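One file, target-v1.pdb, carrying PDB, C-alpha atoms and all ligand atoms:
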ATOM      1  CA  MET A   1     -44.081  -5.827 -20.429
ATOM      2  CA  LYS A   2     -40.490  -5.001 -21.333
ATOM      3  CA  THR A   3     -37.934  -6.101 -18.746
ATOM      4  CA  LEU A   4     -34.224  -5.537 -18.435
ATOM      5  CA  TYR A   5     -32.349  -6.959 -15.454
ATOM      6  CA  LEU A   6     -28.958  -5.432 -14.691
ATOM      7  CA  ILE A   7     -27.422  -8.428 -12.962
ATOM      8  CA  SER A   8     -24.352  -8.414 -10.717
ATOM      9  CA  THR A   9     -22.577 -11.746 -10.897
ATOM     10  CA  GLY A  10     -20.185 -11.266  -7.971
ATOM     11  CA  PRO A  11     -16.428 -11.716  -7.994
ATOM     12  CA  GLY A  12     -16.302 -15.205  -9.554
ATOM     13  CA  ASP A  13     -17.374 -18.287  -7.629
ATOM     14  CA  LEU A  14     -21.116 -18.869  -8.129
ATOM     15  CA  ALA A  15     -21.456 -19.442  -4.386
ATOM     16  CA  TYR A  16     -21.311 -15.652  -4.122
ATOM     17  CA  LEU A  17     -24.140 -15.041  -6.611
ATOM     18  CA  SER A  18     -27.201 -13.720  -4.752
ATOM     19  CA  PRO A  19     -30.488 -15.660  -4.861
ATOM     20  CA  ARG A  20     -32.131 -12.686  -6.604
ATOM     21  CA  ALA A  21     -29.419 -12.721  -9.298
ATOM     22  CA  GLN A  22     -29.866 -16.488  -9.751
ATOM     23  CA  TRP A  23     -33.620 -16.002 -10.079
ATOM     24  CA  ALA A  24     -33.196 -13.179 -12.631
ATOM     25  CA  LEU A  25     -30.745 -15.239 -14.713
ATOM     26  CA  GLN A  26     -33.369 -17.994 -14.855
ATOM     27  CA  GLN A  27     -35.981 -15.540 -16.196
ATOM     28  CA  CYS A  28     -33.786 -14.246 -19.018
ATOM     29  CA  GLN A  29     -34.325 -15.287 -22.624
ATOM     30  CA  HIS A  30     -31.344 -13.166 -23.665
ATOM     31  CA  ILE A  31     -28.173 -12.502 -21.716
ATOM     32  CA  VAL A  32     -25.658  -9.891 -22.819
ATOM     33  CA  GLY A  33     -22.149  -9.702 -21.362
ATOM     34  CA  TYR A  34     -18.422  -9.931 -21.732
ATOM     35  CA  GLY A  35     -17.315 -13.454 -22.712
ATOM     36  CA  LEU A  36     -15.262 -14.190 -19.564
ATOM     37  CA  TYR A  37     -18.169 -13.304 -17.244
ATOM     38  CA  LEU A  38     -20.588 -15.458 -19.226
ATOM     39  CA  ASP A  39     -18.105 -18.368 -19.113
ATOM     40  CA  LEU A  40     -17.948 -18.066 -15.317
ATOM     41  CA  LEU A  41     -21.744 -18.375 -15.156
ATOM     42  CA  GLY A  42     -21.637 -21.746 -16.964
ATOM     43  CA  ASP A  43     -24.765 -23.843 -16.376
ATOM     44  CA  ALA A  44     -26.643 -20.961 -14.742
ATOM     45  CA  ILE A  45     -27.320 -19.429 -18.180
ATOM     46  CA  GLN A  46     -27.414 -22.416 -20.546
ATOM     47  CA  HIS A  47     -31.156 -21.984 -21.203
ATOM     48  CA  SER A  48     -30.765 -18.458 -22.616
ATOM     49  CA  GLN A  49     -29.494 -16.986 -25.843
ATOM     50  CA  GLN A  50     -26.098 -15.463 -25.090
ATOM     51  CA  HIS A  51     -24.679 -12.353 -26.703
ATOM     52  CA  THR A  52     -20.972 -11.841 -26.009
ATOM     53  CA  LEU A  53     -19.255  -8.628 -26.943
ATOM     54  CA  ALA A  54     -15.555  -7.930 -26.498
ATOM     55  CA  LEU A  55     -13.878  -5.654 -23.947
ATOM     56  CA  GLY A  56     -14.099  -2.087 -25.215
ATOM     57  CA  GLN A  57     -17.604  -2.610 -26.641
ATOM     58  CA  GLU A  58     -19.365  -1.476 -23.491
ATOM     59  CA  THR A  59     -21.697   1.011 -25.205
ATOM     60  CA  GLU A  60     -22.666  -1.570 -27.824
ATOM     61  CA  ARG A  61     -23.397  -4.085 -25.037
ATOM     62  CA  ALA A  62     -25.701  -1.673 -23.207
ATOM     63  CA  GLU A  63     -27.479  -0.657 -26.452
ATOM     64  CA  LEU A  64     -27.966  -4.273 -27.468
ATOM     65  CA  ALA A  65     -29.452  -5.114 -24.060
ATOM     66  CA  LEU A  66     -31.919  -2.207 -24.314
ATOM     67  CA  ASP A  67     -32.836  -3.138 -27.904
ATOM     68  CA  LEU A  68     -33.415  -6.792 -26.949
ATOM     69  CA  ALA A  69     -35.583  -5.777 -23.973
ATOM     70  CA  VAL A  70     -37.719  -3.658 -26.326
ATOM     71  CA  THR A  71     -38.788  -6.816 -28.199
ATOM     72  CA  GLY A  72     -40.578  -7.966 -25.038
ATOM     73  CA  GLN A  73     -38.181 -10.834 -24.415
ATOM     74  CA  VAL A  74     -36.759 -10.818 -20.899
ATOM     75  CA  THR A  75     -33.169  -9.622 -21.105
ATOM     76  CA  GLY A  76     -30.262  -9.549 -18.664
ATOM     77  CA  LEU A  77     -27.129  -7.490 -18.894
ATOM     78  CA  VAL A  78     -24.461  -8.996 -16.662
ATOM     79  CA  SER A  79     -21.342  -7.549 -15.118
ATOM     80  CA  SER A  80     -18.939  -9.011 -12.582
ATOM     81  CA  GLY A  81     -18.734  -7.853  -8.970
ATOM     82  CA  ASP A  82     -21.455  -5.256  -8.500
ATOM     83  CA  ILE A  83     -22.895  -3.975 -11.794
ATOM     84  CA  GLY A  84     -23.258  -0.525 -10.261
ATOM     85  CA  ILE A  85     -19.592  -0.222  -9.210
ATOM     86  CA  TYR A  86     -17.257   0.838 -12.045
ATOM     87  CA  ALA A  87     -19.440  -1.257 -14.330
ATOM     88  CA  MET A  88     -22.257  -1.424 -16.873
ATOM     89  CA  ALA A  89     -25.334  -0.119 -15.026
ATOM     90  CA  THR A  90     -24.355   3.517 -15.347
ATOM     91  CA  LEU A  91     -23.961   3.150 -19.109
ATOM     92  CA  VAL A  92     -27.575   2.036 -19.474
ATOM     93  CA  PHE A  93     -28.751   5.090 -17.549
ATOM     94  CA  GLU A  94     -26.394   7.352 -19.508
ATOM     95  CA  LEU A  95     -27.931   6.055 -22.756
ATOM     96  CA  LEU A  96     -31.438   6.631 -21.413
ATOM     97  CA  ASP A  97     -30.417  10.133 -20.362
ATOM     98  CA  HIS A  98     -28.644  11.256 -23.524
ATOM     99  CA  GLN A  99     -29.496   9.060 -26.500
ATOM    100  CA  ALA A 100     -32.859   7.694 -25.520
ATOM    101  CA  LYS A 101     -34.839   5.993 -28.245
ATOM    102  CA  PRO A 102     -38.604   6.474 -27.667
ATOM    103  CA  GLU A 103     -39.064   2.676 -27.560
ATOM    104  CA  TRP A 104     -36.648   2.379 -24.586
ATOM    105  CA  GLU A 105     -38.797   4.603 -22.386
ATOM    106  CA  ASP A 106     -41.161   2.005 -20.947
ATOM    107  CA  ILE A 107     -38.581  -0.697 -20.214
ATOM    108  CA  ASN A 108     -38.750  -1.858 -16.585
ATOM    109  CA  ILE A 109     -35.218  -1.918 -15.266
ATOM    110  CA  GLU A 110     -34.227  -3.757 -12.096
ATOM    111  CA  VAL A 111     -30.684  -3.416 -10.783
ATOM    112  CA  ILE A 112     -29.571  -6.480  -8.825
ATOM    113  CA  PRO A 113     -26.637  -5.816  -6.477
ATOM    114  CA  GLY A 114     -23.672  -8.104  -5.951
ATOM    115  CA  ILE A 115     -20.495  -8.605  -3.995
ATOM    116  CA  SER A 116     -17.833  -6.231  -5.234
ATOM    117  CA  ALA A 117     -14.124  -7.054  -5.314
ATOM    118  CA  LEU A 118     -13.444  -4.961  -2.203
ATOM    119  CA  GLN A 119     -15.894  -6.947  -0.072
ATOM    120  CA  ALA A 120     -14.490 -10.229  -1.389
ATOM    121  CA  LEU A 121     -10.938  -9.160  -0.530
ATOM    122  CA  ALA A 122     -11.884  -7.824   2.911
ATOM    123  CA  SER A 123     -13.579 -11.127   3.751
ATOM    124  CA  ARG A 124     -10.471 -13.082   2.809
ATOM    125  CA  VAL A 125      -8.241 -11.339   5.354
ATOM    126  CA  GLY A 126     -10.539 -10.280   8.206
ATOM    127  CA  ALA A 127     -12.218  -6.896   8.616
ATOM    128  CA  PRO A 128     -10.125  -4.116   7.058
ATOM    129  CA  LEU A 129     -13.192  -2.085   5.981
ATOM    130  CA  ALA A 130     -14.683  -1.725   9.458
ATOM    131  CA  HIS A 131     -14.103   2.024   9.521
ATOM    132  CA  ASP A 132     -14.418   4.802   6.930
ATOM    133  CA  PHE A 133     -13.131   3.765   3.551
ATOM    134  CA  CYS A 134     -13.196   4.863  -0.063
ATOM    135  CA  THR A 135     -12.526   3.421  -3.488
ATOM    136  CA  ILE A 136     -10.563   5.079  -6.281
ATOM    137  CA  SER A 137     -10.241   3.807  -9.825
ATOM    138  CA  LEU A 138      -6.775   4.486 -11.229
ATOM    139  CA  SER A 139      -8.015   4.260 -14.817
ATOM    140  CA  ASP A 140      -7.548   7.613 -16.512
ATOM    141  CA  LEU A 141      -9.270   6.507 -19.720
ATOM    142  CA  LEU A 142     -12.495   8.314 -18.810
ATOM    143  CA  THR A 143     -11.374  10.454 -15.840
ATOM    144  CA  PRO A 144      -8.574  13.049 -16.081
ATOM    145  CA  TRP A 145      -5.499  12.102 -14.029
ATOM    146  CA  THR A 146      -5.588  15.495 -12.258
ATOM    147  CA  THR A 147      -9.001  14.555 -10.787
ATOM    148  CA  ILE A 148      -7.779  11.126  -9.712
ATOM    149  CA  GLU A 149      -4.683  12.654  -8.099
ATOM    150  CA  LYS A 150      -6.803  15.136  -6.152
ATOM    151  CA  ARG A 151      -8.909  12.263  -4.799
ATOM    152  CA  ILE A 152      -5.837  10.272  -3.714
ATOM    153  CA  HIS A 153      -4.599  13.306  -1.763
ATOM    154  CA  ALA A 154      -8.041  13.679  -0.159
ATOM    155  CA  ALA A 155      -8.107   9.970   0.766
ATOM    156  CA  GLY A 156      -4.665  10.342   2.338
ATOM    157  CA  GLN A 157      -5.584  13.518   4.217
ATOM    158  CA  GLY A 158      -8.761  11.895   5.537
ATOM    159  CA  ASP A 159      -6.882   8.708   6.514
ATOM    160  CA  PHE A 160      -9.417   6.537   4.712
ATOM    161  CA  VAL A 161      -8.787   2.864   4.027
ATOM    162  CA  VAL A 162      -8.375   3.108   0.235
ATOM    163  CA  SER A 163      -9.168   0.421  -2.325
ATOM    164  CA  PHE A 164      -7.709   0.948  -5.771
ATOM    165  CA  TYR A 165      -9.739  -0.572  -8.612
ATOM    166  CA  ASN A 166      -8.160  -0.784 -12.094
ATOM    167  CA  PRO A 167      -4.684  -0.285 -10.549
ATOM    168  CA  VAL A 168      -2.812  -1.081 -13.777
ATOM    169  CA  SER A 169      -3.525  -2.253 -17.298
ATOM    170  CA  ARG A 170      -1.276  -3.582 -20.064
ATOM    171  CA  LYS A 171      -0.515  -0.065 -21.277
ATOM    172  CA  ARG A 172      -0.885   1.787 -18.000
ATOM    173  CA  ARG A 173       1.488   1.103 -15.107
ATOM    174  CA  TRP A 174       2.826   4.378 -13.658
ATOM    175  CA  GLN A 175      -0.398   5.465 -11.940
ATOM    176  CA  LEU A 176      -0.133   2.976  -9.056
ATOM    177  CA  GLU A 177       3.461   4.013  -8.279
ATOM    178  CA  THR A 178       2.348   7.665  -8.255
ATOM    179  CA  ALA A 179      -0.617   6.814  -6.005
ATOM    180  CA  LYS A 180       1.750   5.012  -3.616
ATOM    181  CA  GLN A 181       4.078   8.034  -3.450
ATOM    182  CA  ILE A 182       1.143  10.377  -2.754
ATOM    183  CA  LEU A 183      -0.216   8.161   0.043
ATOM    184  CA  LEU A 184       3.262   7.920   1.605
ATOM    185  CA  LYS A 185       3.024  11.670   2.263
ATOM    186  CA  TYR A 186       0.098  10.972   4.634
ATOM    187  CA  LYS A 187       0.362   7.340   5.743
ATOM    188  CA  LYS A 188       3.103   5.486   7.626
ATOM    189  CA  ALA A 189       5.566   3.410   5.593
ATOM    190  CA  ASN A 190       4.439   0.262   7.427
ATOM    191  CA  THR A 191       0.717   0.763   6.663
ATOM    192  CA  PRO A 192      -0.684  -2.665   5.698
ATOM    193  CA  VAL A 193      -1.445  -3.200   2.019
ATOM    194  CA  ILE A 194      -3.425  -6.195   0.741
ATOM    195  CA  LEU A 195      -3.268  -7.367  -2.866
ATOM    196  CA  GLY A 196      -6.144  -9.586  -3.985
ATOM    197  CA  GLN A 197      -5.729 -11.198  -7.379
ATOM    198  CA  ASN A 198      -8.417 -13.197  -9.204
ATOM    199  CA  LEU A 199     -10.576 -13.223  -6.087
ATOM    200  CA  CYS A 200     -13.047 -16.100  -5.817
ATOM    201  CA  ARG A 201     -11.619 -17.719  -8.942
ATOM    202  CA  ASP A 202      -9.409 -20.827  -9.268
ATOM    203  CA  THR A 203      -6.204 -18.787  -9.446
ATOM    204  CA  GLU A 204      -6.966 -16.552  -6.449
ATOM    205  CA  SER A 205      -3.958 -15.152  -4.627
ATOM    206  CA  ILE A 206      -3.741 -12.853  -1.616
ATOM    207  CA  GLN A 207      -0.560 -11.039  -0.648
ATOM    208  CA  ILE A 208       0.075  -8.862   2.369
ATOM    209  CA  THR A 209       2.741  -6.169   2.277
ATOM    210  CA  THR A 210       3.307  -2.594   3.440
ATOM    211  CA  LEU A 211       2.886   0.706   1.655
ATOM    212  CA  ALA A 212       6.640   1.294   1.407
ATOM    213  CA  GLU A 213       7.229  -2.221   0.093
ATOM    214  CA  LEU A 214       4.340  -2.318  -2.376
ATOM    215  CA  ASP A 215       5.843  -3.694  -5.595
ATOM    216  CA  ILE A 216       3.945  -2.589  -8.697
ATOM    217  CA  GLU A 217       5.305  -5.615 -10.596
ATOM    218  CA  GLN A 218       3.141  -7.874  -8.415
ATOM    219  CA  VAL A 219      -0.043  -6.128  -9.552
ATOM    220  CA  ASP A 220      -2.028  -6.919 -12.688
ATOM    221  CA  MET A 221      -5.378  -5.912 -14.195
ATOM    222  CA  LEU A 222      -7.261  -8.387 -12.057
ATOM    223  CA  THR A 223      -5.883  -7.172  -8.753
ATOM    224  CA  LEU A 224      -7.560  -5.078  -6.094
ATOM    225  CA  VAL A 225      -5.117  -3.051  -3.983
ATOM    226  CA  MET A 226      -6.306  -2.176  -0.475
ATOM    227  CA  VAL A 227      -4.331   0.236   1.719
ATOM    228  CA  GLY A 228      -5.118   0.436   5.442
ATOM    229  CA  ASN A 229      -5.555   3.501   7.662
ATOM    230  CA  GLN A 230      -3.298   4.377  10.569
ATOM    231  CA  GLU A 231      -5.165   1.997  12.901
ATOM    232  CA  THR A 232      -5.254  -1.029  10.586
ATOM    233  CA  ARG A 233      -3.541  -3.997  12.243
ATOM    234  CA  ILE A 234      -2.063  -7.301  11.124
ATOM    235  CA  ILE A 235      -2.348 -10.112  13.690
ATOM    236  CA  ASP A 236      -1.317 -13.758  13.587
ATOM    237  CA  ASN A 237      -3.841 -16.371  12.547
ATOM    238  CA  HIS A 238      -2.873 -19.627  14.264
ATOM    239  CA  SER A 239      -5.568 -21.735  12.612
ATOM    240  CA  THR A 240      -4.583 -23.954   9.734
ATOM    241  CA  SER A 241      -7.667 -23.197   7.685
ATOM    242  CA  GLN A 242      -6.701 -19.857   6.162
ATOM    243  CA  HIS A 243      -3.852 -17.406   5.714
ATOM    244  CA  SER A 244      -1.237 -16.890   8.403
ATOM    245  CA  HIS A 245      -2.535 -13.425   9.295
ATOM    246  CA  TYR A 246      -5.744 -11.555   9.901
ATOM    247  CA  ILE A 247      -6.025  -7.867   9.064
ATOM    248  CA  TYR A 248      -8.566  -5.624  10.708
ATOM    249  CA  THR A 249      -9.317  -1.959  11.210
ATOM    250  CA  PRO A 250     -10.596  -1.282  14.739
ATOM    251  CA  ARG A 251     -13.756   0.753  15.282
ATOM    252  CA  GLY A 252     -12.559   1.777  18.733
ATOM    253  CA  TYR A 253     -14.380  -0.648  21.073
ATOM    254  CA  GLN A 254     -11.180  -1.467  23.014
ATOM    255  CA  ALA A 255     -10.169   2.200  23.388
ATOM    256  CA  LYS A 256     -13.639   2.969  24.835
ATOM    257  CA  GLN A 257     -13.333   0.415  27.671
TER     258      GLN A 257
HETATM  259  C1  LIG A 301     -13.982  -2.273 -14.190
HETATM  260  S1  LIG A 301     -13.666  -2.707 -12.520
HETATM  261  C2  LIG A 301     -15.062  -3.691 -12.188
HETATM  262  C3  LIG A 301     -15.414  -3.761 -10.719
HETATM  263  C4  LIG A 301     -16.569  -4.714 -10.433
HETATM  264  N1  LIG A 301     -17.822  -4.203 -10.952
HETATM  265  C5  LIG A 301     -16.717  -4.981  -8.931
HETATM  266  O1  LIG A 301     -17.722  -4.529  -8.346
HETATM  267  O2  LIG A 301     -15.845  -5.642  -8.359
HETATM  268  C6  LIG A 301     -12.372  -3.880 -12.726
HETATM  269  C7  LIG A 301     -11.416  -3.890 -11.555
HETATM  270  O3  LIG A 301     -12.080  -4.464 -10.425
HETATM  271  C8  LIG A 301     -11.167  -5.244  -9.659
HETATM  272  N2  LIG A 301     -11.680  -6.624  -9.669
HETATM  273  C9  LIG A 301     -12.843  -7.042 -10.195
HETATM  274  N3  LIG A 301     -13.019  -8.364  -9.989
HETATM  275  C10 LIG A 301     -11.938  -8.800  -9.311
HETATM  276  C11 LIG A 301     -11.525 -10.074  -8.807
HETATM  277  N4  LIG A 301     -12.279 -11.163  -8.949
HETATM  278  N5  LIG A 301     -10.330 -10.144  -8.155
HETATM  279  C12 LIG A 301      -9.576  -9.027  -7.986
HETATM  280  N6  LIG A 301      -9.915  -7.806  -8.439
HETATM  281  C13 LIG A 301     -11.074  -7.692  -9.097
HETATM  282  C14 LIG A 301      -9.793  -5.092 -10.328
HETATM  283  O4  LIG A 301      -9.135  -4.010  -9.715
HETATM  284  C15 LIG A 301     -10.165  -4.737 -11.755
HETATM  285  O5  LIG A 301      -9.137  -3.992 -12.394
END

I'd like the structure from this file rewritten - as structure tokens, please.
Amino acid sequence: MKTLYLISTGPGDLAYLSPRAQWALQQCQHIVGYGLYLDLLGDAIQHSQQHTLALGQETERAELALDLAVTGQVTGLVSSGDIGIYAMATLVFELLDHQAKPEWEDINIEVIPGISALQALASRVGAPLAHDFCTISLSDLLTPWTTIEKRIHAAGQGDFVVSFYNPVSRKRRWQLETAKQILLKYKKANTPVILGQNLCRDTESIQITTLAELDIEQVDMLTLVMVGNQETRIIDNHSTSQHSHYIYTPRGYQAKQ
């Protein structure tokens, strides 16, 4: 039997790795991934042969995983957060769809879900995703900017809570400022914005600001930017255990009473 596990490793801390993902990692003789993600897995993958490929070699990573699975040795392809969300799983299916090698056809593929950055960030501040929300990637490497812009307008018109993945990169910084200006046409200037950087990792930082005050300089490649809807509220958190505020988006229970 040929087996390929597409394993989501969650946002960072292994406490957020699902039991199914832990089990699959244990089964794997080969694990393919980006070096940083494999480093984060540490002891969980020491028994396996590891194949690290650099950022930018996504197609090669997916091909290698399929080719290793063909040999009959249990193989895992890992990706951080959820492997199905702006990540590697789709590339495997794209290869099967367009460049299938006959020997890939009978590989059993199991996709193992994980906690994506937006769930990790929401959990850190309260419950901002309790009503309709959407995600938009601001990377225009594979998607034309005109398409991305159209989606930002639609998110604003629909008053969705919006999470921006890939908000900036080293070479790409203007897109987030443009997204902010578009959303300001639809959302109030004081709409809460949450910046989550390096979530569930040692250097995690959470900042709370407003749409008008969102400073692009505070955002890097490992930041998730979450913008509230018109109901999203910031309230004080008087406990000493966490941040000084909670943020939540009401579903309307109070209004119904
Ligand atoms: C290519 S996407 C991968 C998303 C990932 N598959 C997930 O489900 O979270 C990369 C973007 O996800 C966000 N991201 C992923 N992990 C993060 C983390 N630990 N902390 C903050 N943002 C993160 C950032 O916006 C980053 O630019």

Enclose all atoms of ligand LIG 301 (chain A) listed in the file in an axis-aligned box, grow every side by 4 Å, and hand back centre and edge lengths in Å to one decimal, as JSON.
{"center_x": -13.5, "center_y": -6.7, "center_z": -11.1, "size_x": 16.7, "size_y": 16.9, "size_z": 14.2}

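Reported to one decimal place, the separation of atom CA of A:Leu183 from atom CA of A:Ser137 is 14.7 Å.
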
Within 7 Å of (-10.2, -15.7, -5.9) (file coordinates; all atoms listed in the file), which protein or nucleic acid residues are there? I'd like them as number ranges by chain.
A: 197-205

Restricting it to C-alpha atoms, dump the selection as a PDB file, in the frame of the given file.
ATOM      1  CA  GLN A 197      -5.729 -11.198  -7.379  1.00  0.00           C
ATOM      2  CA  ASN A 198      -8.417 -13.197  -9.204  1.00  0.00           C
ATOM      3  CA  LEU A 199     -10.576 -13.223  -6.087  1.00  0.00           C
ATOM      4  CA  CYS A 200     -13.047 -16.100  -5.817  1.00  0.00           C
ATOM      5  CA  ARG A 201     -11.619 -17.719  -8.942  1.00  0.00           C
ATOM      6  CA  ASP A 202      -9.409 -20.827  -9.268  1.00  0.00           C
ATOM      7  CA  THR A 203      -6.204 -18.787  -9.446  1.00  0.00           C
ATOM      8  CA  GLU A 204      -6.966 -16.552  -6.449  1.00  0.00           C
ATOM      9  CA  SER A 205      -3.958 -15.152  -4.627  1.00  0.00           C
TER      10      SER A 205
END

Selection: 9 Å around A:Ile235, only C-alpha atoms, excl. self and same-chain fewer than 6 positions, as a PyMOL selection string:
chain A and resi 244-248

Determine, using only C-alpha atoms and all ligand atoms, which residues of chain A have any atom at most 8 Å from an atom of ligand LIG 301 (chain A), and tabulate each with its shortest atom pair and distance in Å to one decimal place, rows ordered by chain and then rising number, as CSV.
residue,atom,partner,partner_atom,distance
A:Ser8,CA,A:LIG301,N1,7.8
A:Gly10,CA,A:LIG301,O2,7.1
A:Pro11,CA,A:LIG301,N4,4.3
A:Gly12,CA,A:LIG301,N4,5.7
A:Ser79,CA,A:LIG301,N1,6.4
A:Ser80,CA,A:LIG301,N1,5.2
A:Gly81,CA,A:LIG301,C5,3.5
A:Asp82,CA,A:LIG301,O1,3.8
A:Ile83,CA,A:LIG301,N1,5.1
A:Gly84,CA,A:LIG301,N1,6.6
A:Ile85,CA,A:LIG301,N1,4.7
A:Tyr86,CA,A:LIG301,C1,5.0
A:Ala87,CA,A:LIG301,N1,4.8
A:Met88,CA,A:LIG301,N1,7.9
A:Gly114,CA,A:LIG301,O1,7.3
A:Ile115,CA,A:LIG301,O1,6.6
A:Ser116,CA,A:LIG301,O1,3.5
A:Ala117,CA,A:LIG301,O2,3.8
A:Leu118,CA,A:LIG301,O2,6.6
A:Ala120,CA,A:LIG301,N4,7.9
A:Leu121,CA,A:LIG301,C12,7.6
A:Ser137,CA,A:LIG301,S1,7.8
A:Phe164,CA,A:LIG301,O4,6.5
A:Tyr165,CA,A:LIG301,O4,3.7
A:Asn166,CA,A:LIG301,O5,3.4
A:Pro167,CA,A:LIG301,O4,5.9
A:Val168,CA,A:LIG301,O5,7.1
A:Ser169,CA,A:LIG301,O5,7.7
A:Gly196,CA,A:LIG301,C12,5.3
A:Gln197,CA,A:LIG301,C12,4.5
A:Asn198,CA,A:LIG301,N5,3.8
A:Leu199,CA,A:LIG301,N5,3.7
A:Cys200,CA,A:LIG301,N4,5.9
A:Arg201,CA,A:LIG301,N4,6.6
A:Glu204,CA,A:LIG301,N5,7.4
A:Asp220,CA,A:LIG301,O5,7.7
A:Met221,CA,A:LIG301,O5,4.6
A:Leu222,CA,A:LIG301,C14,4.5
A:Thr223,CA,A:LIG301,N6,4.1
A:Leu224,CA,A:LIG301,O4,4.1
A:Val225,CA,A:LIG301,O4,7.1

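Distance annotation: of A:Thr135, A:Thr90, A:Ser163, A:Thr3, the residue with the minimal separation from A:Thr71 is A:Thr3; atom set is all atoms listed in the file.
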
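With distances restricted to all atoms listed in the file, A:Ile136 is the closest residue to A:Ala179 from A:Ile136, A:Ala54, A:Leu14, A:Leu41.
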
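Across the structure, atom CA of A:Ile31 and atom CA of A:Gly76 are spaced 4.7 Å apart.
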
Which value, in Å to one decimal, gives the distance between atom CA of A:Tyr34 and atom CA of A:Thr52?
5.3 Å

As a PDB file, in the coordinates of the input, please: stretch 34-50 of chain A completed to N, CA and C atoms.
ATOM      1  N   TYR A  34     -19.784  -9.706 -21.270  1.00  0.00           N
ATOM      2  CA  TYR A  34     -18.422  -9.931 -21.732  1.00  0.00           C
ATOM      3  C   TYR A  34     -18.173 -11.441 -21.622  1.00  0.00           C
ATOM      4  N   GLY A  35     -17.475 -12.002 -22.620  1.00  0.00           N
ATOM      5  CA  GLY A  35     -17.315 -13.454 -22.712  1.00  0.00           C
ATOM      6  C   GLY A  35     -16.854 -14.124 -21.432  1.00  0.00           C
ATOM      7  N   LEU A  36     -15.822 -13.561 -20.773  1.00  0.00           N
ATOM      8  CA  LEU A  36     -15.262 -14.190 -19.564  1.00  0.00           C
ATOM      9  C   LEU A  36     -16.328 -14.313 -18.469  1.00  0.00           C
ATOM     10  N   TYR A  37     -17.150 -13.261 -18.305  1.00  0.00           N
ATOM     11  CA  TYR A  37     -18.169 -13.304 -17.244  1.00  0.00           C
ATOM     12  C   TYR A  37     -19.217 -14.359 -17.568  1.00  0.00           C
ATOM     13  N   LEU A  38     -19.575 -14.464 -18.847  1.00  0.00           N
ATOM     14  CA  LEU A  38     -20.588 -15.458 -19.226  1.00  0.00           C
ATOM     15  C   LEU A  38     -20.030 -16.865 -19.022  1.00  0.00           C
ATOM     16  N   ASP A  39     -18.726 -17.051 -19.330  1.00  0.00           N
ATOM     17  CA  ASP A  39     -18.105 -18.368 -19.113  1.00  0.00           C
ATOM     18  C   ASP A  39     -18.184 -18.749 -17.639  1.00  0.00           C
ATOM     19  N   LEU A  40     -17.933 -17.775 -16.757  1.00  0.00           N
ATOM     20  CA  LEU A  40     -17.948 -18.066 -15.317  1.00  0.00           C
ATOM     21  C   LEU A  40     -19.344 -18.493 -14.859  1.00  0.00           C
ATOM     22  N   LEU A  41     -20.369 -18.037 -15.574  1.00  0.00           N
ATOM     23  CA  LEU A  41     -21.744 -18.375 -15.156  1.00  0.00           C
ATOM     24  C   LEU A  41     -22.135 -19.793 -15.564  1.00  0.00           C
ATOM     25  N   GLY A  42     -21.463 -20.341 -16.572  1.00  0.00           N
ATOM     26  CA  GLY A  42     -21.637 -21.746 -16.964  1.00  0.00           C
ATOM     27  C   GLY A  42     -23.092 -22.178 -17.059  1.00  0.00           C
ATOM     28  N   ASP A  43     -23.437 -23.233 -16.287  1.00  0.00           N
ATOM     29  CA  ASP A  43     -24.765 -23.843 -16.376  1.00  0.00           C
ATOM     30  C   ASP A  43     -25.897 -22.882 -16.017  1.00  0.00           C
ATOM     31  N   ALA A  44     -25.580 -21.861 -15.212  1.00  0.00           N
ATOM     32  CA  ALA A  44     -26.643 -20.961 -14.742  1.00  0.00           C
ATOM     33  C   ALA A  44     -27.331 -20.231 -15.896  1.00  0.00           C
ATOM     34  N   ILE A  45     -26.702 -20.196 -17.084  1.00  0.00           N
ATOM     35  CA  ILE A  45     -27.320 -19.429 -18.180  1.00  0.00           C
ATOM     36  C   ILE A  45     -27.489 -20.256 -19.463  1.00  0.00           C
ATOM     37  N   GLN A  46     -27.360 -21.577 -19.335  1.00  0.00           N
ATOM     38  CA  GLN A  46     -27.414 -22.416 -20.546  1.00  0.00           C
ATOM     39  C   GLN A  46     -28.738 -22.315 -21.300  1.00  0.00           C
ATOM     40  N   HIS A  47     -29.827 -22.024 -20.574  1.00  0.00           N
ATOM     41  CA  HIS A  47     -31.156 -21.984 -21.203  1.00  0.00           C
ATOM     42  C   HIS A  47     -31.359 -20.756 -22.086  1.00  0.00           C
ATOM     43  N   SER A  48     -30.497 -19.743 -21.955  1.00  0.00           N
ATOM     44  CA  SER A  48     -30.765 -18.458 -22.616  1.00  0.00           C
ATOM     45  C   SER A  48     -29.907 -18.281 -23.860  1.00  0.00           C
ATOM     46  N   GLN A  49     -30.329 -17.326 -24.692  1.00  0.00           N
ATOM     47  CA  GLN A  49     -29.494 -16.986 -25.843  1.00  0.00           C
ATOM     48  C   GLN A  49     -28.436 -15.987 -25.371  1.00  0.00           C
ATOM     49  N   GLN A  50     -27.174 -16.300 -25.636  1.00  0.00           N
ATOM     50  CA  GLN A  50     -26.098 -15.463 -25.090  1.00  0.00           C
ATOM     51  C   GLN A  50     -25.505 -14.560 -26.162  1.00  0.00           C
TER      52      GLN A  50
END
